[in-house]
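As provided, input.txt (compact mmCIF, C-alpha atoms and all ligand atoms) reads as follows.
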```
# COMPACT_ATOMS: atom_id res chain seq x y z
CA MET G 1136 -26.91 21.38 1.95
CA SER G 1137 -26.33 20.78 5.64
CA ILE G 1138 -23.01 20.79 7.45
CA SER G 1139 -22.42 18.89 10.69
CA GLN G 1140 -19.65 16.84 12.22
CA GLU G 1141 -21.17 13.84 10.48
CA GLY G 1142 -19.94 15.49 7.27
CA ILE G 1143 -21.72 17.51 4.66
CA HIS G 1144 -25.00 16.17 3.34
CA CYS G 1145 -25.02 16.57 -0.40
CA ASN G 1146 -28.45 16.64 -2.04
CA TYR G 1147 -27.22 16.50 -5.63
CA LEU G 1148 -25.23 13.25 -5.43
CA ASN G 1149 -27.34 11.92 -8.30
CA GLU G 1150 -25.63 14.50 -10.51
CA MET G 1151 -22.25 13.00 -9.65
CA ASP G 1152 -20.29 9.88 -10.57
CA LEU G 1153 -18.74 7.62 -7.98
CA VAL G 1154 -15.04 7.92 -8.91
CA TRP G 1155 -13.38 6.05 -6.04
CA ASP G 1156 -14.56 3.24 -3.78
CA ARG G 1157 -12.99 0.35 -1.90
CA PRO G 1158 -12.16 -2.42 -4.40
CA ASP G 1159 -14.31 -5.59 -4.20
CA THR G 1160 -11.13 -7.67 -3.89
CA PHE G 1161 -10.46 -5.92 -0.56
CA THR G 1162 -12.81 -7.44 2.03
CA ASP G 1163 -14.98 -5.36 4.37
CA THR G 1164 -13.13 -6.72 7.41
CA THR G 1165 -11.87 -3.94 9.69
CA LEU G 1166 -8.09 -3.85 9.35
CA HIS G 1167 -6.14 -4.76 12.48
CA TYR G 1168 -3.25 -2.41 11.66
CA CYS G 1169 -2.49 0.60 13.85
CA PRO G 1170 -3.94 3.97 12.74
CA GLY G 1171 -2.01 5.39 9.79
CA CYS G 1172 0.03 2.24 9.10
CA GLY G 1173 1.32 1.89 5.53
CA HIS G 1174 0.55 -1.85 5.53
CA SER G 1175 -3.17 -1.05 5.16
CA VAL G 1176 -2.56 1.08 2.08
CA ILE G 1177 -0.23 -1.46 0.49
CA ASN G 1178 -2.63 -4.38 1.17
CA ARG G 1179 -5.32 -2.37 -0.62
CA LEU G 1180 -3.11 -1.28 -3.52
CA ILE G 1181 -2.17 -4.80 -4.55
CA MET G 1182 -5.86 -5.76 -4.44
CA GLU G 1183 -6.81 -2.69 -6.49
CA SER G 1184 -4.21 -3.68 -9.10
CA VAL G 1185 -5.41 -7.30 -9.19
CA GLN G 1186 -9.01 -6.13 -9.66
CA GLU G 1187 -8.12 -3.64 -12.37
CA LEU G 1188 -6.31 -6.33 -14.33
CA ASN G 1189 -9.23 -8.75 -13.83
CA ILE G 1190 -6.97 -11.48 -12.46
CA GLU G 1191 -8.63 -12.09 -9.08
CA GLU G 1192 -9.54 -15.65 -10.15
CA LYS G 1193 -5.97 -16.61 -10.99
CA THR G 1194 -3.86 -14.67 -8.51
CA ILE G 1195 -2.32 -16.35 -5.47
CA GLY G 1196 -0.75 -14.28 -2.69
CA VAL G 1197 1.64 -15.45 0.02
CA ALA G 1198 1.35 -13.74 3.41
CA PRO G 1199 4.31 -13.43 5.80
CA VAL G 1200 4.84 -13.43 9.55
CA GLY G 1201 4.88 -9.89 10.91
CA CYS G 1202 2.16 -7.28 11.27
CA SER G 1203 0.79 -8.25 7.85
CA VAL G 1204 0.30 -11.89 8.92
CA PHE G 1205 -3.47 -11.46 8.52
CA ALA G 1206 -3.22 -10.09 4.95
CA TYR G 1207 -5.35 -13.06 3.84
CA HIS G 1208 -8.29 -11.70 5.86
CA TYR G 1209 -8.34 -8.63 3.64
CA MET G 1210 -7.35 -9.99 0.25
CA PHE G 1211 -10.33 -11.69 -1.38
CA ILE G 1212 -8.23 -14.02 -3.53
CA ASP G 1213 -6.45 -17.35 -2.96
CA MET G 1214 -3.83 -16.87 -0.25
CA GLN G 1215 -1.25 -19.00 1.52
CA GLU G 1216 0.49 -18.24 4.81
CA ALA G 1217 4.23 -18.94 5.00
CA ALA G 1218 6.54 -19.49 7.95
CA HIS G 1219 8.60 -16.47 9.04
CA GLY G 1220 10.92 -15.43 6.20
CA ARG G 1221 9.82 -18.16 3.80
CA ALA G 1222 7.18 -16.38 1.70
CA SER G 1223 9.33 -16.25 -1.44
CA ALA G 1224 10.18 -19.96 -1.13
CA VAL G 1225 6.49 -20.83 -0.78
CA ALA G 1226 5.66 -18.55 -3.72
CA THR G 1227 8.33 -20.39 -5.75
CA GLY G 1228 6.60 -23.71 -5.09
CA ILE G 1229 3.18 -22.35 -6.03
CA LYS G 1230 4.40 -20.72 -9.25
CA ARG G 1231 6.30 -23.81 -10.35
CA ILE G 1232 3.32 -26.13 -9.81
CA LEU G 1233 0.80 -23.63 -11.26
CA PRO G 1234 2.77 -21.59 -13.80
CA ASP G 1235 -0.38 -20.03 -15.30
CA ARG G 1236 -1.24 -18.35 -11.99
CA ILE G 1237 -0.09 -14.87 -11.04
CA VAL G 1238 1.86 -15.20 -7.79
CA PHE G 1239 3.07 -12.55 -5.37
CA SER G 1240 4.68 -12.59 -1.94
CA TYR G 1241 4.27 -9.87 0.69
CA GLN G 1242 6.94 -9.44 3.39
CA GLY G 1243 8.28 -7.01 5.96
CA ASP G 1244 11.95 -6.18 6.52
CA GLY G 1245 12.37 -8.51 9.49
CA ASP G 1246 10.82 -11.26 7.40
CA LEU G 1247 12.50 -10.67 4.02
CA ALA G 1248 15.84 -9.15 5.01
CA ALA G 1249 16.63 -10.85 8.36
CA ILE G 1250 15.32 -14.36 8.99
CA GLY G 1251 14.46 -14.87 5.30
CA THR G 1252 17.61 -13.45 3.68
CA ALA G 1253 18.69 -16.82 2.28
CA GLU G 1254 15.26 -17.54 0.76
CA THR G 1255 15.09 -14.01 -0.67
CA ILE G 1256 18.51 -14.12 -2.32
CA HIS G 1257 18.02 -17.60 -3.74
CA THR G 1258 14.51 -16.91 -5.05
CA VAL G 1259 15.95 -13.99 -6.99
CA ASN G 1260 19.01 -15.99 -8.00
CA ARG G 1261 16.79 -18.69 -9.49
CA GLY G 1262 14.94 -15.95 -11.36
CA GLU G 1263 11.50 -17.13 -10.27
CA ASN G 1264 8.65 -15.58 -12.24
CA ILE G 1265 6.93 -13.91 -9.29
CA LEU G 1266 6.28 -10.48 -7.81
CA MET G 1267 7.91 -9.83 -4.43
CA LEU G 1268 6.58 -6.97 -2.30
CA PHE G 1269 8.97 -5.78 0.39
CA ILE G 1270 7.55 -3.45 3.04
CA ASN G 1271 10.51 -1.77 4.67
CA ASN G 1272 9.53 0.07 7.84
CA GLY G 1273 12.94 -0.35 9.46
CA ILE G 1274 11.62 -2.15 12.52
CA TYR G 1275 10.04 -5.38 13.78
CA GLY G 1276 6.57 -3.91 14.25
CA MET G 1277 4.71 -7.01 15.38
CA THR G 1278 7.00 -8.09 18.17
CA GLY G 1279 7.32 -4.69 19.83
CA GLY G 1280 9.67 -2.52 17.80
CA GLN G 1281 13.06 -4.24 17.74
CA MET G 1282 15.90 -3.12 15.46
CA SER G 1283 15.91 -4.73 12.02
CA PRO G 1284 18.74 -5.02 9.46
CA THR G 1285 17.34 -2.00 7.60
CA THR G 1286 17.14 0.31 10.65
CA LEU G 1287 19.11 3.53 10.08
CA LYS G 1288 21.92 4.98 12.17
CA GLY G 1289 20.81 6.59 15.42
CA SER G 1290 17.29 5.12 15.33
CA ILE G 1291 16.00 4.27 18.78
CA THR G 1292 14.32 0.88 18.99
CA SER G 1293 13.66 -1.48 21.90
CA THR G 1294 16.90 -3.37 21.14
CA SER G 1295 18.93 -0.24 20.35
CA PRO G 1296 17.79 2.09 23.14
CA ASP G 1297 20.74 4.44 22.52
CA GLY G 1298 20.15 4.45 18.77
CA ARG G 1299 21.63 2.14 16.14
CA ASP G 1300 25.42 2.25 16.37
CA TYR G 1301 27.28 1.03 13.28
CA ASN G 1302 30.25 -0.19 15.36
CA GLN G 1303 28.07 -2.37 17.50
CA HIS G 1304 25.15 -3.28 15.23
CA GLY G 1305 26.58 -3.09 11.73
CA TYR G 1306 25.21 -1.16 8.77
CA PRO G 1307 21.72 -0.90 7.26
CA LEU G 1308 21.27 -3.71 4.75
CA ASP G 1309 20.25 -2.41 1.32
CA ILE G 1310 18.89 -5.71 0.07
CA THR G 1311 17.01 -4.05 -2.80
CA LYS G 1312 20.27 -2.80 -4.36
CA ILE G 1313 21.80 -6.28 -3.95
CA ILE G 1314 18.80 -7.79 -5.74
CA ALA G 1315 19.03 -5.24 -8.55
CA GLN G 1316 22.56 -6.47 -9.33
CA MET G 1317 21.42 -10.08 -9.70
CA PRO G 1318 20.60 -11.40 -13.19
CA GLY G 1319 17.50 -13.17 -11.80
CA SER G 1320 15.67 -9.90 -11.15
CA ALA G 1321 13.69 -8.31 -13.98
CA TYR G 1322 12.36 -5.14 -12.40
CA VAL G 1323 13.49 -3.53 -9.16
CA THR G 1324 11.99 -0.34 -7.80
CA ARG G 1325 11.72 1.53 -4.52
CA GLN G 1326 8.48 3.32 -3.79
CA SER G 1327 6.51 4.70 -0.84
CA VAL G 1328 2.91 5.37 0.23
CA ASP G 1329 3.41 8.55 2.27
CA SER G 1330 1.33 10.79 -0.02
CA ALA G 1331 -1.45 10.41 -2.56
CA ASN G 1332 1.02 10.82 -5.43
CA ALA G 1333 3.36 8.22 -3.94
CA VAL G 1334 0.36 5.87 -3.68
CA ARG G 1335 -0.37 6.42 -7.39
CA LYS G 1336 3.25 5.63 -8.31
CA THR G 1337 3.36 2.49 -6.18
CA LYS G 1338 0.18 1.24 -7.80
CA LYS G 1339 1.69 1.86 -11.24
CA ALA G 1340 4.72 -0.23 -10.28
CA MET G 1341 2.43 -3.04 -9.08
CA MET G 1342 0.34 -2.95 -12.27
CA LYS G 1343 3.48 -3.00 -14.39
CA SER G 1344 4.89 -6.01 -12.51
CA LEU G 1345 1.63 -7.97 -12.64
CA LYS G 1346 1.23 -7.27 -16.39
CA TYR G 1347 4.79 -8.41 -16.99
CA GLN G 1348 4.04 -11.68 -15.21
CA MET G 1349 0.75 -12.10 -17.15
CA ASP G 1350 2.69 -11.65 -20.40
CA GLY G 1351 5.02 -14.48 -19.41
CA GLY G 1352 7.94 -12.23 -18.50
CA ARG G 1353 10.86 -14.01 -16.85
CA GLY G 1354 12.45 -13.12 -13.53
CA VAL G 1355 11.52 -11.57 -10.21
CA CYS G 1356 9.74 -8.20 -10.09
CA PHE G 1357 10.77 -6.67 -6.79
CA ILE G 1358 9.01 -3.65 -5.28
CA GLU G 1359 10.36 -2.21 -2.05
CA ILE G 1360 7.95 0.15 -0.34
CA VAL G 1361 9.66 2.31 2.25
CA SER G 1362 6.89 2.65 4.81
CA ASN G 1363 6.13 3.78 8.34
CA CYS G 1364 5.44 2.15 11.69
CA PRO G 1365 3.92 4.93 13.81
CA SER G 1366 3.61 2.65 16.85
CA GLY G 1367 7.15 1.28 16.68
CA TRP G 1368 8.63 4.67 15.89
CA LYS G 1369 6.57 6.25 18.70
CA MET G 1370 5.20 8.95 16.39
CA THR G 1371 1.81 10.07 15.16
CA PRO G 1372 0.97 8.92 11.62
CA THR G 1373 1.60 12.40 10.21
CA GLU G 1374 4.90 12.72 12.09
CA SER G 1375 5.98 9.31 10.80
CA ASN G 1376 5.35 10.36 7.19
CA GLU G 1377 7.30 13.58 7.71
CA TRP G 1378 10.13 11.54 9.21
CA LEU G 1379 10.13 9.37 6.09
CA ARG G 1380 10.42 12.40 3.83
CA ASN G 1381 12.95 14.31 5.94
CA GLU G 1382 15.23 11.45 7.02
CA ILE G 1383 14.59 7.99 5.63
CA PHE G 1384 14.26 8.82 1.91
CA ASN G 1385 17.69 10.50 2.06
CA HIS G 1386 19.14 7.07 2.74
CA TYR G 1387 16.68 4.87 0.85
CA GLU G 1388 16.26 6.90 -2.34
CA LEU G 1389 13.00 6.35 -4.18
CA GLY G 1390 12.75 5.43 -7.83
CA ASP G 1391 13.39 2.60 -10.29
CA ILE G 1392 16.68 0.79 -9.73
CA LYS G 1393 16.34 -1.71 -12.58
CA GLN G 1394 14.05 -1.02 -15.51
CA LEU G 1395 11.70 -3.65 -16.82
CA PRO G 1396 13.09 -5.28 -19.98
CA LYS G 1397 11.09 -5.03 -23.20
CA LEU G 1398 9.48 -8.40 -23.89
CA LYS G 1399 10.50 -10.11 -27.12
CA THR G 1400 7.43 -11.23 -29.05
CA ASN G 1401 8.37 -14.92 -28.78
CA GLU G 1402 8.25 -14.65 -24.99
CA ILE G 1403 4.62 -13.55 -25.00
CA MET E 1294 -25.84 28.65 -4.54
CA THR E 1295 -22.83 27.23 -6.35
CA LYS E 1296 -22.44 23.52 -6.29
CA SER E 1297 -19.03 22.04 -5.52
CA SER E 1298 -17.62 19.76 -8.20
CA GLY E 1299 -16.90 16.88 -5.84
CA HIS E 1300 -18.06 15.16 -2.69
CA ILE E 1301 -16.88 12.47 -0.27
CA ILE E 1302 -18.69 10.11 2.06
CA ILE E 1303 -16.66 8.71 4.95
CA ASN E 1304 -17.68 5.58 6.85
CA ILE E 1305 -16.98 7.39 10.14
CA GLN E 1306 -17.53 4.33 12.36
CA LYS E 1307 -14.48 2.70 10.75
CA CYS E 1308 -12.23 5.79 10.89
CA LYS E 1309 -9.14 5.55 13.12
CA GLY E 1310 -8.48 9.29 13.23
CA CYS E 1311 -5.02 9.07 11.70
CA GLU E 1312 -5.50 12.51 10.08
CA LEU E 1313 -3.62 11.52 6.92
CA CYS E 1314 -6.60 12.47 4.72
CA ILE E 1315 -6.85 15.88 6.39
CA ILE E 1316 -3.20 16.65 5.55
CA GLU E 1317 -3.58 15.33 2.02
CA CYS E 1318 -6.65 17.41 1.05
CA PRO E 1319 -5.33 20.18 -1.25
CA GLN E 1320 -8.46 22.26 -0.54
CA ASN E 1321 -8.02 22.00 3.26
CA GLY E 1322 -11.66 20.99 3.39
CA MET E 1323 -11.44 18.21 5.98
CA ALA E 1324 -11.26 18.27 9.77
CA LEU E 1325 -11.18 15.94 12.77
CA SER E 1326 -14.40 15.80 14.72
CA SER E 1327 -14.48 16.57 18.42
CA ASN E 1328 -16.95 13.65 18.68
CA ILE E 1329 -15.81 10.06 18.81
CA ASN E 1330 -17.07 7.00 16.94
CA GLN E 1331 -18.07 3.58 18.32
CA ASN E 1332 -14.39 2.56 18.63
CA GLY E 1333 -13.43 5.71 20.53
CA TYR E 1334 -11.60 7.44 17.69
CA HIS E 1335 -12.10 11.07 16.71
CA TYR E 1336 -13.15 10.77 13.10
CA ALA E 1337 -12.43 12.79 9.98
CA TYR E 1338 -15.23 14.59 8.15
CA LEU E 1339 -15.71 16.96 5.25
CA ALA E 1340 -16.03 20.30 7.02
CA GLU E 1341 -16.25 22.65 4.08
CA ASP E 1342 -18.16 22.28 0.88
CA ILE E 1343 -15.13 22.81 -1.37
CA CYS E 1344 -14.39 19.23 -2.45
CA THR E 1345 -13.19 18.86 -6.05
CA GLY E 1346 -13.27 15.05 -6.07
CA CYS E 1347 -9.50 14.77 -6.51
CA THR E 1348 -9.44 11.37 -4.64
CA ASN E 1349 -6.29 12.25 -2.65
CA CYS E 1350 -7.97 11.52 0.71
CA ALA E 1351 -9.32 8.19 -0.51
CA LEU E 1352 -5.93 7.11 -1.86
CA ILE E 1353 -4.09 7.87 1.39
CA CYS E 1354 -6.80 6.55 3.76
CA PRO E 1355 -5.39 3.35 5.30
CA GLU E 1356 -8.87 2.09 6.12
CA ALA E 1357 -10.19 2.57 2.54
CA ILE E 1358 -13.43 4.04 3.87
CA ILE E 1359 -13.78 7.17 1.74
CA LYS E 1360 -16.09 7.17 -1.28
CA VAL E 1361 -15.38 9.95 -3.76
CA TYR E 1362 -17.93 11.50 -6.12
CA ARG E 1363 -17.26 13.90 -8.95
CA LYS E 1364 -19.60 15.97 -11.07
CA LYS E 1365 -20.46 14.30 -14.33
CA LYS E 1366 -18.28 15.60 -17.16
CA SER E 1367 -21.12 16.77 -19.34
CA LYS E 1368 -24.70 17.53 -18.41
CA ILE E 1369 -25.90 16.66 -21.92
CA LEU E 1370 -26.91 13.03 -21.84
CA LYS E 1371 -25.45 11.01 -24.67
CA GLN E 1372 -28.08 10.03 -27.20
CA PRO E 1373 -28.55 6.26 -27.20
CA VAL E 1374 -26.98 4.72 -30.29
CA SER E 1375 -29.67 3.78 -32.74
CA THR E 1376 -29.94 0.05 -33.26
CA LEU E 1377 -31.64 0.48 -36.59
C1 LIG Y 1501 10.74 -18.59 13.28
C2 LIG Y 1501 10.26 -17.35 13.97
N1 LIG Y 1501 11.14 -16.52 14.59
C3 LIG Y 1501 10.71 -15.39 15.19
C4 LIG Y 1501 9.40 -15.05 15.19
C5 LIG Y 1501 8.95 -13.78 15.88
N2 LIG Y 1501 8.58 -12.72 14.97
C6 LIG Y 1501 7.32 -12.54 14.59
S1 LIG Y 1501 7.11 -11.21 13.59
C7 LIG Y 1501 8.78 -10.87 13.65
C8 LIG Y 1501 9.36 -9.69 12.92
C9 LIG Y 1501 8.45 -9.00 11.97
O1 LIG Y 1501 9.03 -7.85 11.47
P1 LIG Y 1501 8.84 -7.37 9.99
O2 LIG Y 1501 9.01 -8.50 9.05
O3 LIG Y 1501 9.71 -6.19 9.78
O4 LIG Y 1501 7.31 -6.97 9.86
P2 LIG Y 1501 6.48 -5.80 10.52
O5 LIG Y 1501 5.83 -6.40 11.71
O6 LIG Y 1501 7.39 -4.67 10.84
O7 LIG Y 1501 5.49 -5.47 9.46
C10 LIG Y 1501 9.43 -11.77 14.46
C11 LIG Y 1501 10.89 -11.74 14.73
C12 LIG Y 1501 8.49 -15.94 14.56
N3 LIG Y 1501 7.18 -15.68 14.50
N4 LIG Y 1501 8.93 -17.06 13.95
S1 LIG Y 1502 3.13 -2.09 14.78
FE1 LIG Y 1502 3.85 -0.77 13.13
S2 LIG Y 1502 3.90 -2.06 11.28
FE2 LIG Y 1502 2.62 -3.07 12.82
S3 LIG Y 1502 0.51 -2.45 12.38
FE3 LIG Y 1502 1.31 -1.06 13.93
S4 LIG Y 1502 2.16 0.66 12.79
FE4 LIG Y 1502 1.89 -1.02 11.35
S1 LIG Y 1503 -7.32 8.73 6.48
FE1 LIG Y 1503 -9.12 7.39 6.82
S2 LIG Y 1503 -8.78 6.51 8.87
FE2 LIG Y 1503 -7.39 8.27 8.69
S3 LIG Y 1503 -8.54 10.01 9.55
FE3 LIG Y 1503 -8.95 9.99 7.33
S4 LIG Y 1503 -10.86 8.79 7.09
FE4 LIG Y 1503 -10.04 8.36 9.14
```
Full structure transcribed into structure tokens:
Amino acid sequence: MSISQEGIHCNYLNEMDLVWDRPDTFTDTTLHYCPGCGHSVINRLIMESVQELNIEEKTIGVAPVGCSVFAYHYMFIDMQEAAHGRASAVATGIKRILPDRIVFSYQGDGDLAAIGTAETIHTVNRGENILMLFINNGIYGMTGGQMSPTTLKGSITSTSPDGRDYNQHGYPLDITKIIAQMPGSAYVTRQSVDSANAVRKTKKAMMKSLKYQMDGGRGVCFIEIVSNCPSGWKMTPTESNEWLRNEIFNHYELGDIKQLPKLKTNEI
Amino acid sequence: MTKSSGHIIINIQKCKGCELCIIECPQNGMALSSNINQNGYHYAYLAEDICTGCTNCALICPEAIIKVYRKKKSKILKQPVSTL
């Protein structure tokens, strides 16, 4: 047993089992995200879920424009890049042409809830049989931290230097609650990745949604993940997670908003 | 000497020093090195031999660079099933 700043050397590793390692569906490429960014965790979680369900050969992901634009570098499955805001429309096309494939889209709040609002609403309204992942960090991370529709009151961004003012900028858009009201959505939940337990819950929601799609379930599964942007928020990663817990989750409450329906046997 | 029931191996050259794993370790066994890696980040390391193999650090690590080991459940090797 030797302890150094390289870590502890363990000389009885052969008596242990490897219980966690990077999934094979997640490439070895170094992630381009900022230190502590939730995008990295969420990119990995969807790949972990795909691997656990053994569907890497038949899953197709659609990457957005935003910080996660390079998601296809990390996800070792078939991927398609979409124009800004259009990931759910592209995913619709893929799923309709290849209905036996498992299709998911991955989008930020600027992508899904600003420029892509029309595509988002109409994808859900058509009840497409896809999984939509919505990473809500309340800011346009990629372009330098501008205010987004989901930014909360008082938040300082590069386009709201005095904080978001409801009179001037309007109210935070709770698109997830809108989607939950629509008949085209099957499962709507709001999760986070700010702690190990939150990560476990988010993965469960992903597994549930993918299984539902594999079983031929109808309608959109929609997972919002309320996440951080340490760079845009001008915080350290740990501060950004505390901010999420102390402020943001009070507004965007976590939990299931619409429960998954039980599948009738003739649908399977 | 008592053996800890878990162990982690961090790919320190890929660590970005975000410290999320350090906060998440329920045993408070991790620390940030005063050294830096090839990319100039202070990296996290297991500083105390009290790991239980809970996987919390690995789950929160954005870079997915932590391997977690846990002591085998039972020391008694299972007898191979007879094919006779
Ligand atoms: C048609 C079009 N308009 C504007 C842009 C500029 N642009 C790139 S990313 C982005 C916002 C991304 O924000 P978000 O979706 O919240 O993702 P994040 O970077 O925060 O993960 C914008 C406006 C663009 N690339 N294409
Ligand atoms: S700018 Fe924000 S959202 Fe983009 S990678 Fe950095 S921390 Fe993540
Ligand atoms: S969570 Fe990962 S990247 Fe962050 S300090 Fe720990 S090992 Fe490094």
Taking only C-alpha atoms into account, what are the residues of chain G at most 10 Å from chain E, put as number ranges by chain?
G: 1136-1145, 1147-1158, 1161, 1163-1180, 1328-1335, 1371-1373, 1376
For ligand LIG 1501 (chain Y), which residue out of G:Ile1274, G:Ile1256, G:Ile1265, G:Ala1226 is the nearest one, using all atoms listed in the file?
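Selected residue with least distance to ligand LIG 1501 (chain Y): G:Ile1274.
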Shell of 9 Å around ligand LIG 1501 (chain Y) (only C-alpha atoms and all ligand atoms), written as an mmCIF file with C-alpha atoms, in the frame of the given file:
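Output file selection.cif is given in full below:
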```
data_model
loop_
_atom_site.group_PDB
_atom_site.id
_atom_site.type_symbol
_atom_site.label_atom_id
_atom_site.label_comp_id
_atom_site.auth_asym_id
_atom_site.auth_seq_id
_atom_site.Cartn_x
_atom_site.Cartn_y
_atom_site.Cartn_z
ATOM 1 C CA HIS G 1174 0.550 -1.850 5.530
ATOM 2 C CA PRO G 1199 4.310 -13.430 5.800
ATOM 3 C CA VAL G 1200 4.840 -13.430 9.550
ATOM 4 C CA GLY G 1201 4.880 -9.890 10.910
ATOM 5 C CA CYS G 1202 2.160 -7.280 11.270
ATOM 6 C CA SER G 1203 0.790 -8.250 7.850
ATOM 7 C CA VAL G 1204 0.300 -11.890 8.920
ATOM 8 C CA ALA G 1218 6.540 -19.490 7.950
ATOM 9 C CA HIS G 1219 8.600 -16.470 9.040
ATOM 10 C CA GLY G 1220 10.920 -15.430 6.200
ATOM 11 C CA GLN G 1242 6.940 -9.440 3.390
ATOM 12 C CA GLY G 1243 8.280 -7.010 5.960
ATOM 13 C CA ASP G 1244 11.950 -6.180 6.520
ATOM 14 C CA GLY G 1245 12.370 -8.510 9.490
ATOM 15 C CA ASP G 1246 10.820 -11.260 7.400
ATOM 16 C CA LEU G 1247 12.500 -10.670 4.020
ATOM 17 C CA ALA G 1248 15.840 -9.150 5.010
ATOM 18 C CA ALA G 1249 16.630 -10.850 8.360
ATOM 19 C CA ILE G 1250 15.320 -14.360 8.990
ATOM 20 C CA ILE G 1270 7.550 -3.450 3.040
ATOM 21 C CA ASN G 1271 10.510 -1.770 4.670
ATOM 22 C CA ASN G 1272 9.530 0.070 7.840
ATOM 23 C CA GLY G 1273 12.940 -0.350 9.460
ATOM 24 C CA ILE G 1274 11.620 -2.150 12.520
ATOM 25 C CA TYR G 1275 10.040 -5.380 13.780
ATOM 26 C CA GLY G 1276 6.570 -3.910 14.250
ATOM 27 C CA MET G 1277 4.710 -7.010 15.380
ATOM 28 C CA THR G 1278 7.000 -8.090 18.170
ATOM 29 C CA GLY G 1279 7.320 -4.690 19.830
ATOM 30 C CA GLY G 1280 9.670 -2.520 17.800
ATOM 31 C CA GLN G 1281 13.060 -4.240 17.740
ATOM 32 C CA MET G 1282 15.900 -3.120 15.460
ATOM 33 C CA SER G 1283 15.910 -4.730 12.020
ATOM 34 C CA THR G 1285 17.340 -2.000 7.600
ATOM 35 C CA ASN G 1363 6.130 3.780 8.340
ATOM 36 C CA CYS G 1364 5.440 2.150 11.690
ATOM 37 C CA GLY G 1367 7.150 1.280 16.680
#
```
Figure out the distance between atom CA of G:Phe1357 and atom CA of G:Gly1319, please, to one decimal in Å.
10.6 Å
What lies within 10 Å of G:Thr1337 using only C-alpha atoms, ignoring chain neighbours under 6 positions off, as a ChimeraX atom specification?
/G:1177,1180-1181,1324-1328,1331,1343,1358-1360,1390
For G:Ile1195, the nearest of the candidates G:Arg1236, G:Met1182, G:Leu1389, G:His1208, counting all atoms listed in the file
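Smallest distance to G:Ile1195 is found for G:Arg1236.
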With distances taken over only C-alpha atoms and all ligand atoms, the candidate from G:Ser1295, G:Thr1194, G:Ser1375, G:Ser1240 nearest ligand LIG 1502 (chain Y) is G:Ser1375
To test the calculation: enclose all listed atoms of ligand LIG 1503 (chain Y) in a box whose edges run along x, y and z, add 6 Å on each side, then state centre and edge lengths in Å to one decimal, as lines of an AutoDock Vina configuration file.
```
center_x = -9.1
center_y = 8.3
center_z = 8.0
size_x = 15.5
size_y = 15.5
size_z = 15.1
```
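With atom CA of G:Glu1263 on one side and atom CA of G:Ile1190 on the other, the separation reads 19.4 Å.
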Which one is closest to ligand LIG 1503 (chain Y): E:Gln1331, E:Gln1306, E:Gln1320, E:Thr1345? Count only C-alpha atoms and all ligand atoms.
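Of the candidates, the smallest distance to ligand LIG 1503 (chain Y) is held by E:Gln1306.
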Counting all atoms listed in the file, write as a list in words all protein and nucleic acid residues lying at most 12 Å from (18.2, -14.2, -10.5) in the file's frame.
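The answer, in the requested form, is Thr1255, Ile1256, His1257, Thr1258, Val1259, Asn1260, Arg1261, Gly1262, Glu1263, Asn1264, Ile1265, Ile1313, Ile1314, Ala1315, Gln1316, Met1317, Pro1318, Gly1319, Ser1320, Ala1321, Tyr1322, Val1323, Arg1353, Gly1354, Val1355, Cys1356 and Phe1357 of chain G.
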Atom CA of G:Leu1398 to atom CA of G:Val1185, distance in Å rounded to a single decimal:
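If I compute the distance from atom CA of G:Leu1398 to atom CA of G:Val1185, I get 21.0 Å.
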Find the residue from G:Met1341, G:Ile1310, G:Val1238, G:Ala1206 that sits nearest to G:Ala1224; use all atoms listed in the file when measuring.
G:Val1238
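Proximity ranking of G:Lys1369, G:Arg1299, G:Lys1339, G:Lys1193 relative to ligand LIG 1502 (chain Y) places G:Lys1369 first, based on only C-alpha atoms and all ligand atoms.
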